[in-house]
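The structure appears below as structure tokens.
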Amino acid sequence: MDRLIYTALSGMQASMDRQRVIASNMANAQTIGFRAELLDQRPVTIDGDSLDARVMDDAQVRGAMMDQGEIVQTGKPLDIALQGDILLAVQADDGGEAYTRRGDLSVSPTGLLVNGEGHPVLGEAGPITVPLGGKTSIAPDGAVTVGDPAKPDEPPQVVGQIKLAGWRGSPIAKGLDGLFRVQDGGILPPDAEATVLTGALEQSNVKPTEVLVQMIEAQRLFAMRSKLIAT
């Protein structure tokens, strides 16, 4: 019974972790470009004399569901929806390169091109800056152009190229800040064939009805394990 209590207790902790992940997914059901987090549960055996039979449950968020979310037309020139298995390169708070699917872009008061979370969008030579007062637009290949409203007859000038990186075949992980990074460091190479849909945004791929059912299941499993320990 002692061994069973330890196993049930670790299962309760895993159930709590699962409820936290599900709650996070529910809270981000309307977040632009959000990818539903996946909880990985693994059995872990405790080594040592008389402890080998105790198997604990280890649960951590190690990945995310990468299915395409719904595309919604917005008509805004700086809104982009990424097509296929690509990620948008941004500068994280620690200054390193990270990746996201969130494409609600805008120009900050200092001229930086940022997404809806305030992360600067990266190009070939770092964060992309655009001249203030110009008419900024984004081409399907990720090129950022700026036109002069005072000279409508002149073609817009290219001021940067958004880095669009393919993640297939690379070990990426989702951090607590919601950004993807390459495991053990490194960066993803740009995808020369990547395209974006301008004037549109990709919604979260979280399905509210599914996560609601998952939450009920997690709560029932927690209650079952609690009852087992009490018994």
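The way I read the labels, and the way they are meant: chains A, B, ... in the order of the structure tokens, residue 1 as the first residue of every chain, and ligand 1 as the first ligand shown, with later ones counted on from there.
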Could you pull the residues within 6 Å of segment 83-86 of chain A, counting only C-alpha atoms, minus those fewer than 2 positions along the same chain, as number ranges by chain? A: 165-166, 195-196
Please list as a PDB file with C-alpha atoms, in the first residue's frame every residue within 9 Å of Ser15 of chain A, counting only C-alpha atoms and excluding residues in the same chain fewer than 2 positions away.
```pdb
ATOM      1  CA  SER A  10       2.530  11.588  -8.104  1.00  0.00           C
ATOM      2  CA  GLY A  11      -0.517  10.979 -10.315  1.00  0.00           C
ATOM      3  CA  MET A  12      -2.398  13.697  -8.430  1.00  0.00           C
ATOM      4  CA  GLN A  13       0.447  16.121  -9.097  1.00  0.00           C
ATOM      5  CA  ASP A  17      -0.255  20.000 -13.995  1.00  0.00           C
ATOM      6  CA  ARG A  18      -2.624  18.803 -16.709  1.00  0.00           C
ATOM      7  CA  GLN A  19      -5.386  21.075 -15.394  1.00  0.00           C
ATOM      8  CA  ARG A  20      -2.988  24.041 -15.476  1.00  0.00           C
ATOM      9  CA  ALA A  59       4.455  15.509 -16.397  1.00  0.00           C
ATOM     10  CA  ALA A 218      -8.669  15.774 -15.538  1.00  0.00           C
ATOM     11  CA  GLN A 219     -10.799  16.831 -12.567  1.00  0.00           C
ATOM     12  CA  LEU A 221      -9.033  11.659 -12.511  1.00  0.00           C
ATOM     13  CA  PHE A 222      -7.713  13.875  -9.716  1.00  0.00           C
TER      14      PHE A 222
END
```
Please, what distance in Å, to one decimal, runs between atom CA of Leu228 of chain A and atom CA of Met26 of chain A?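 These atoms are spaced 28.9 Å apart.
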Please provide the set of residues having any atom within 7 Å of segment 199-204 of chain A, restricted to only C-alpha atoms, with same-chain residues fewer than 3 positions apart removed, written as number ranges by chain. A: 29-35, 69-81, 103-104
Restricting the output to N, CA and C atoms, write the selected residues as a PDB file, in the first residue's frame.
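As written to disk, part-v5.pdb reads:
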```
ATOM      1  N   ALA A  29      -7.785  30.722 -26.056  1.00  0.00           N
ATOM      2  CA  ALA A  29      -8.597  30.271 -27.188  1.00  0.00           C
ATOM      3  C   ALA A  29      -8.835  31.390 -28.199  1.00  0.00           C
ATOM      4  N   GLN A  30      -8.699  32.650 -27.778  1.00  0.00           N
ATOM      5  CA  GLN A  30      -8.896  33.780 -28.677  1.00  0.00           C
ATOM      6  C   GLN A  30      -7.600  34.533 -28.977  1.00  0.00           C
ATOM      7  N   THR A  31      -6.463  33.983 -28.566  1.00  0.00           N
ATOM      8  CA  THR A  31      -5.177  34.634 -28.798  1.00  0.00           C
ATOM      9  C   THR A  31      -4.705  34.364 -30.228  1.00  0.00           C
ATOM     10  N   ILE A  32      -4.295  35.402 -30.922  1.00  0.00           N
ATOM     11  CA  ILE A  32      -3.862  35.286 -32.314  1.00  0.00           C
ATOM     12  C   ILE A  32      -2.655  34.355 -32.429  1.00  0.00           C
ATOM     13  N   GLY A  33      -2.766  33.345 -33.303  1.00  0.00           N
ATOM     14  CA  GLY A  33      -1.649  32.459 -33.589  1.00  0.00           C
ATOM     15  C   GLY A  33      -1.237  31.529 -32.467  1.00  0.00           C
ATOM     16  N   PHE A  34      -2.050  31.393 -31.420  1.00  0.00           N
ATOM     17  CA  PHE A  34      -1.664  30.558 -30.279  1.00  0.00           C
ATOM     18  C   PHE A  34      -1.679  29.086 -30.674  1.00  0.00           C
ATOM     19  N   ARG A  35      -0.707  28.334 -30.155  1.00  0.00           N
ATOM     20  CA  ARG A  35      -0.616  26.902 -30.375  1.00  0.00           C
ATOM     21  C   ARG A  35      -0.886  26.177 -29.059  1.00  0.00           C
ATOM     22  N   GLY A  69      -4.560  27.015 -37.580  1.00  0.00           N
ATOM     23  CA  GLY A  69      -5.754  27.631 -37.027  1.00  0.00           C
ATOM     24  C   GLY A  69      -6.596  28.267 -38.121  1.00  0.00           C
ATOM     25  N   GLU A  70      -7.753  28.728 -37.757  1.00  0.00           N
ATOM     26  CA  GLU A  70      -8.659  29.360 -38.728  1.00  0.00           C
ATOM     27  C   GLU A  70      -8.083  30.697 -39.209  1.00  0.00           C
ATOM     28  N   ILE A  71      -8.197  30.949 -40.507  1.00  0.00           N
ATOM     29  CA  ILE A  71      -7.730  32.208 -41.097  1.00  0.00           C
ATOM     30  C   ILE A  71      -8.911  33.180 -41.198  1.00  0.00           C
ATOM     31  N   VAL A  72      -8.724  34.368 -40.659  1.00  0.00           N
ATOM     32  CA  VAL A  72      -9.766  35.399 -40.654  1.00  0.00           C
ATOM     33  C   VAL A  72      -9.240  36.621 -41.409  1.00  0.00           C
ATOM     34  N   GLN A  73     -10.000  37.098 -42.371  1.00  0.00           N
ATOM     35  CA  GLN A  73      -9.629  38.286 -43.124  1.00  0.00           C
ATOM     36  C   GLN A  73      -9.871  39.548 -42.283  1.00  0.00           C
ATOM     37  N   THR A  74      -8.848  40.413 -42.232  1.00  0.00           N
ATOM     38  CA  THR A  74      -8.970  41.665 -41.483  1.00  0.00           C
ATOM     39  C   THR A  74      -8.889  42.892 -42.384  1.00  0.00           C
ATOM     40  N   GLY A  75      -8.227  42.784 -43.529  1.00  0.00           N
ATOM     41  CA  GLY A  75      -8.058  43.925 -44.425  1.00  0.00           C
ATOM     42  C   GLY A  75      -6.960  44.879 -44.015  1.00  0.00           C
ATOM     43  N   LYS A  76      -6.290  44.638 -42.890  1.00  0.00           N
ATOM     44  CA  LYS A  76      -5.227  45.528 -42.441  1.00  0.00           C
ATOM     45  C   LYS A  76      -3.924  45.165 -43.157  1.00  0.00           C
ATOM     46  N   PRO A  77      -3.194  46.137 -43.674  1.00  0.00           N
ATOM     47  CA  PRO A  77      -1.996  45.831 -44.481  1.00  0.00           C
ATOM     48  C   PRO A  77      -0.866  45.188 -43.711  1.00  0.00           C
ATOM     49  N   LEU A  78      -0.818  45.343 -42.396  1.00  0.00           N
ATOM     50  CA  LEU A  78       0.275  44.780 -41.603  1.00  0.00           C
ATOM     51  C   LEU A  78      -0.101  43.472 -40.920  1.00  0.00           C
ATOM     52  N   ASP A  79      -1.311  42.992 -41.138  1.00  0.00           N
ATOM     53  CA  ASP A  79      -1.703  41.687 -40.597  1.00  0.00           C
ATOM     54  C   ASP A  79      -1.270  40.606 -41.573  1.00  0.00           C
ATOM     55  N   ILE A  80      -0.593  39.582 -41.048  1.00  0.00           N
ATOM     56  CA  ILE A  80      -0.164  38.481 -41.906  1.00  0.00           C
ATOM     57  C   ILE A  80      -0.530  37.149 -41.263  1.00  0.00           C
ATOM     58  N   ALA A  81      -0.915  36.200 -42.100  1.00  0.00           N
ATOM     59  CA  ALA A  81      -1.174  34.830 -41.666  1.00  0.00           C
ATOM     60  C   ALA A  81      -0.149  33.929 -42.329  1.00  0.00           C
ATOM     61  N   GLY A 103       0.832  37.024 -36.040  1.00  0.00           N
ATOM     62  CA  GLY A 103       1.174  37.925 -37.127  1.00  0.00           C
ATOM     63  C   GLY A 103       0.445  39.244 -37.142  1.00  0.00           C
ATOM     64  N   ASP A 104      -0.085  39.687 -35.995  1.00  0.00           N
ATOM     65  CA  ASP A 104      -0.726  41.012 -35.947  1.00  0.00           C
ATOM     66  C   ASP A 104       0.366  42.062 -35.733  1.00  0.00           C
TER      67      ASP A 104
END
```
My list of candidates is A:Glu97, A:Glu217, A:Glu37, A:Asp67. Which is closest to Val182 of chain A when distances are computed with only C-alpha atoms?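 With only C-alpha atoms as the atom set, the closest residue is A:Glu97.
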Which residue is closest to Gly111 of chain A? Choose from A:Gln91, A:Gln68, A:Thr136, A:Gln183 and count only C-alpha atoms. A:Thr136
Backbone DSSP call of strand (DSSP E) for segment 59-206 of chain A, listed as a PyMOL selection string: chain A and resi 59-64+71-73+80-82+86-91+97-100+106-107+113-114+122-123+126-127+135-138+143-147+157-161+164-166+172-174+180-182+196-198+200-202
Closest of A:Pro152, A:Gly169, A:Gly118, A:Gly160 to Val130 of chain A, counting only C-alpha atoms, is A:Gly160
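Proximity of A:Val159, A:Val114, A:Ala223, A:Ala64 to Gly134 of chain A, computed with only C-alpha atoms, is greatest for A:Val159.
The space separating atom CA of Val158 of chain A from atom CA of Val144 of chain A comes to 5.7 Å.
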